[in-house]
Amino acid sequence: MNRSLGLRQRLALEVFRKIQDLRIERHELRTLFWECTLRCNLACRHCGSDCRTEASQPDMPAEDFFRVLDTQITPHVDPHRVLVILSGGEVLMRPDLERIGLELYRREYPWGMVTNGLALDARRFEALLRAGLHTITVSLDGFADDHLYIRRNPRSFERASDAVRMIAADGSLAWDVVTCVTPRSLPRLNEFKEYLISLGVKAWRLFTIFPSGRASEEPGLQLDDAEFVRLLDFIRDTRREGRIRAAYACEGFLGGYEGEVRDTLYNCTAGVSTASIRIDGAISGCTSIRSDFHQGNIYRDDFHEVWEHRFEKFRDRAWTRKDQCADCAMFRYCRGGGMHLYDGDGRLKSCRYARLRNSK
């Protein structure tokens, strides 16, 4: 059902709104995604990038990325305060991943990666640790039948589970598990929570399907409004229980659930403190943004100049106050939602808050 905001929540949101205004004004880069490959060893049903083993776009040469990092980013930031996250595709498809990690480590950038775990064996994991790996996220989407339905590889659940055990046993990394929640997996989330705890998971991020890429052809993966409320209730109750730090992903403003299902109140950091360099050199916000909100390209533009002067659509969200957002009382806090929720024509394709208002 629709849960209204309490007085404390409104006061917290007002304070947070002012803090966000300052962050936008300063727009200090804190997270840099590098989409270093679109190759993948899986063909997941929910993939927003439609990645395949042989991608149409070749991997970006590491030398191109480091040229930009060395000449256009490092002179303007403190490397210790910028987390570089390697993303794909599946980053373990790159045979030079360890060399890339060592080069980032040598430049004193903390770096991390997102992986499906299929290729993360003990040998590769040790090599990545020696290369200075700082953070890692592993995708695990429910018990075997639910996970395999999405991932479509008979070894993927076992390998991802083994990867999680290995990371937990090491104990040196900041890490979490991310789970795509579908109508199939939702009824068993409480059991799955216990399974993750048994593996040693402390941090668990849950998200829902956004119809982009291959996922747009799979409407059965999307929760309906009532199921979405059940998911948020589960996350809230799990956080109160305190045995595993569950959190809903940064997919939009959640009304009365704000302050209850995430570690922070809702804000979209894309273009404010988060940037990405895409596989083709495009400079954007975060890699979840599939529509063309590119602000420049490293092969023709200076990254620092782009970051300083070309992210108006990300930082001034007045242009989003239209259609269903035009008269919304929560716009002052939501600012139109996440940039990844818009299509190339600037139309909002999905509003999480509207789903909560419409639920019964």
# chains A, B, ... in the order shown; residues from 1 in each chain; ligands from 1
$ residues_around --residues "region 143-146 of chain A" --least-positions-apart "3" --cutoff "9 Å" --atoms "only C-alpha atoms" --output "short mmCIF file (atom, residue, chain, number, x, y, z; two decimals) with N, CA and C atoms, in the first residue's frame"
data_model
loop_
_atom_site.label_atom_id
_atom_site.label_comp_id
_atom_site.auth_asym_id
_atom_site.auth_seq_id
_atom_site.Cartn_x
_atom_site.Cartn_y
_atom_site.Cartn_z
N LEU A 140 24.26 -13.15 -7.65
CA LEU A 140 23.66 -14.43 -7.28
C LEU A 140 22.17 -14.19 -7.12
N TYR A 149 17.59 -20.03 -14.30
CA TYR A 149 16.59 -19.54 -15.26
C TYR A 149 17.03 -18.21 -15.86
N ILE A 150 17.60 -17.36 -15.03
CA ILE A 150 18.06 -16.06 -15.51
C ILE A 150 19.38 -16.18 -16.26
N ARG A 151 20.34 -16.92 -15.67
CA ARG A 151 21.71 -16.94 -16.19
C ARG A 151 21.91 -17.92 -17.35
N PRO A 154 24.34 -24.02 -16.81
CA PRO A 154 24.15 -25.00 -15.74
C PRO A 154 25.18 -24.92 -14.63
N SER A 156 26.50 -21.96 -13.52
CA SER A 156 26.62 -20.59 -13.01
C SER A 156 26.28 -20.47 -11.53
N PHE A 157 25.25 -21.18 -11.04
CA PHE A 157 24.91 -21.07 -9.62
C PHE A 157 26.03 -21.62 -8.73
N GLU A 158 26.51 -22.80 -9.07
CA GLU A 158 27.57 -23.41 -8.28
C GLU A 158 28.84 -22.57 -8.27
N THR A 182 12.91 -11.52 -9.02
CA THR A 182 11.86 -11.75 -10.01
C THR A 182 10.66 -12.39 -9.33
N ARG A 184 9.64 -15.27 -9.73
CA ARG A 184 10.03 -16.64 -9.38
C ARG A 184 10.76 -16.70 -8.05
N SER A 185 11.66 -15.76 -7.82
CA SER A 185 12.53 -15.82 -6.64
C SER A 185 11.94 -15.14 -5.41
N ARG A 188 10.81 -17.05 -2.13
CA ARG A 188 11.83 -17.78 -1.36
C ARG A 188 12.95 -16.86 -0.86
N GLU A 191 14.28 -17.70 2.66
CA GLU A 191 15.16 -18.86 2.66
C GLU A 191 16.51 -18.53 2.03
N PHE A 192 16.47 -17.75 0.95
CA PHE A 192 17.70 -17.39 0.26
C PHE A 192 18.58 -16.52 1.14
N TYR A 195 20.55 -18.74 3.22
CA TYR A 195 21.62 -19.35 2.44
C TYR A 195 22.80 -18.39 2.31
#
$ residues_around --residues "Asn116 (chain A)" --least-positions-apart "5" --cutoff "7 Å" --atoms "only C-alpha atoms" --output "PDB file with C-alpha atoms, in the first residue's frame"
ATOM      1  CA  VAL A 138      29.139 -11.044  -7.246  1.00  0.00           C
ATOM      2  CA  SER A 139      25.749 -11.664  -8.856  1.00  0.00           C
ATOM      3  CA  ALA A 160      28.924 -18.026  -8.189  1.00  0.00           C
TER       4      ALA A 160
END
$ residues_around --residues "region 346-355 of chain A" --least-positions-apart "3" --cutoff "7 Å" --atoms "only C-alpha atoms" --output "list in words"
Asp225, Gly252, Phe253, Leu254, Gly255, Leu341, Tyr342, Asp343, Asn358 and Ser359 of chain A
$ residues_around --residues "Leu104 (chain A)" --least-positions-apart "6" --cutoff "10 Å" --atoms "only C-alpha atoms" --output "mmCIF file with N, CA and C atoms, in the first residue's frame"
data_model
loop_
_atom_site.group_PDB
_atom_site.id
_atom_site.type_symbol
_atom_site.label_atom_id
_atom_site.label_comp_id
_atom_site.auth_asym_id
_atom_site.auth_seq_id
_atom_site.Cartn_x
_atom_site.Cartn_y
_atom_site.Cartn_z
ATOM 1 N N PHE A 66 44.200 4.426 -19.809
ATOM 2 C CA PHE A 66 45.219 4.993 -18.927
ATOM 3 C C PHE A 66 45.737 6.332 -19.449
ATOM 4 N N LEU A 69 43.201 8.595 -17.954
ATOM 5 C CA LEU A 69 43.351 8.635 -16.502
ATOM 6 C C LEU A 69 44.561 9.472 -16.098
ATOM 7 N N PRO A 79 43.698 10.478 -6.140
ATOM 8 C CA PRO A 79 43.399 9.093 -6.533
ATOM 9 C C PRO A 79 42.863 8.230 -5.396
ATOM 10 N N VAL A 84 37.755 3.262 -8.897
ATOM 11 C CA VAL A 84 37.598 2.848 -10.292
ATOM 12 C C VAL A 84 36.971 1.455 -10.304
ATOM 13 N N GLU A 98 44.473 -8.499 -14.722
ATOM 14 C CA GLU A 98 45.436 -8.354 -13.631
ATOM 15 C C GLU A 98 46.440 -7.233 -13.916
ATOM 16 N N PRO A 110 42.105 2.983 -5.653
ATOM 17 C CA PRO A 110 41.395 1.758 -5.265
ATOM 18 C C PRO A 110 40.537 1.314 -6.448
ATOM 19 N N TRP A 111 40.488 0.015 -6.681
ATOM 20 C CA TRP A 111 39.707 -0.448 -7.822
ATOM 21 C C TRP A 111 38.895 -1.683 -7.466
ATOM 22 N N ALA A 131 47.033 -8.047 -7.516
ATOM 23 C CA ALA A 131 46.961 -6.847 -8.351
ATOM 24 C C ALA A 131 46.287 -5.684 -7.627
ATOM 25 N N GLY A 132 45.962 -5.868 -6.354
ATOM 26 C CA GLY A 132 45.432 -4.761 -5.564
ATOM 27 C C GLY A 132 43.927 -4.629 -5.557
ATOM 28 N N LEU A 133 43.205 -5.687 -5.903
ATOM 29 C CA LEU A 133 41.747 -5.631 -5.899
ATOM 30 C C LEU A 133 41.242 -5.125 -4.555
#
$ residues_around --residues "region 32-44 of chain A" --least-positions-apart "6" --cutoff "9 Å" --atoms "only C-alpha atoms" --output "ChimeraX atom specification"
/A:50-62,65,82-94,116,118-119,149-153,156,214-215,273-280,285-287
$ atom_distance --atom1 "CA of Glu258 (chain A)" --atom2 "CA of Gln20 (chain A)"
15.4 Å
$ atom_distance --atom1 "CA of Ile73 (chain A)" --atom2 "CA of His304 (chain A)"
6.2 Å
$ select_by_dssp --residues "region 18-246 of chain A" --states "strand (DSSP E)" --output "PyMOL selection string"
chain A and resi 31-35+83-87+111-115+133-139+174-181+203-208+245-246
$ select_by_dssp --residues "region 18-231 of chain A" --states "alpha helix (DSSP H)" --output "MDAnalysis selection string"
chainID A and resid 18:26 62:68 97:106 122:130 144:151 156:170 189:199 225:231
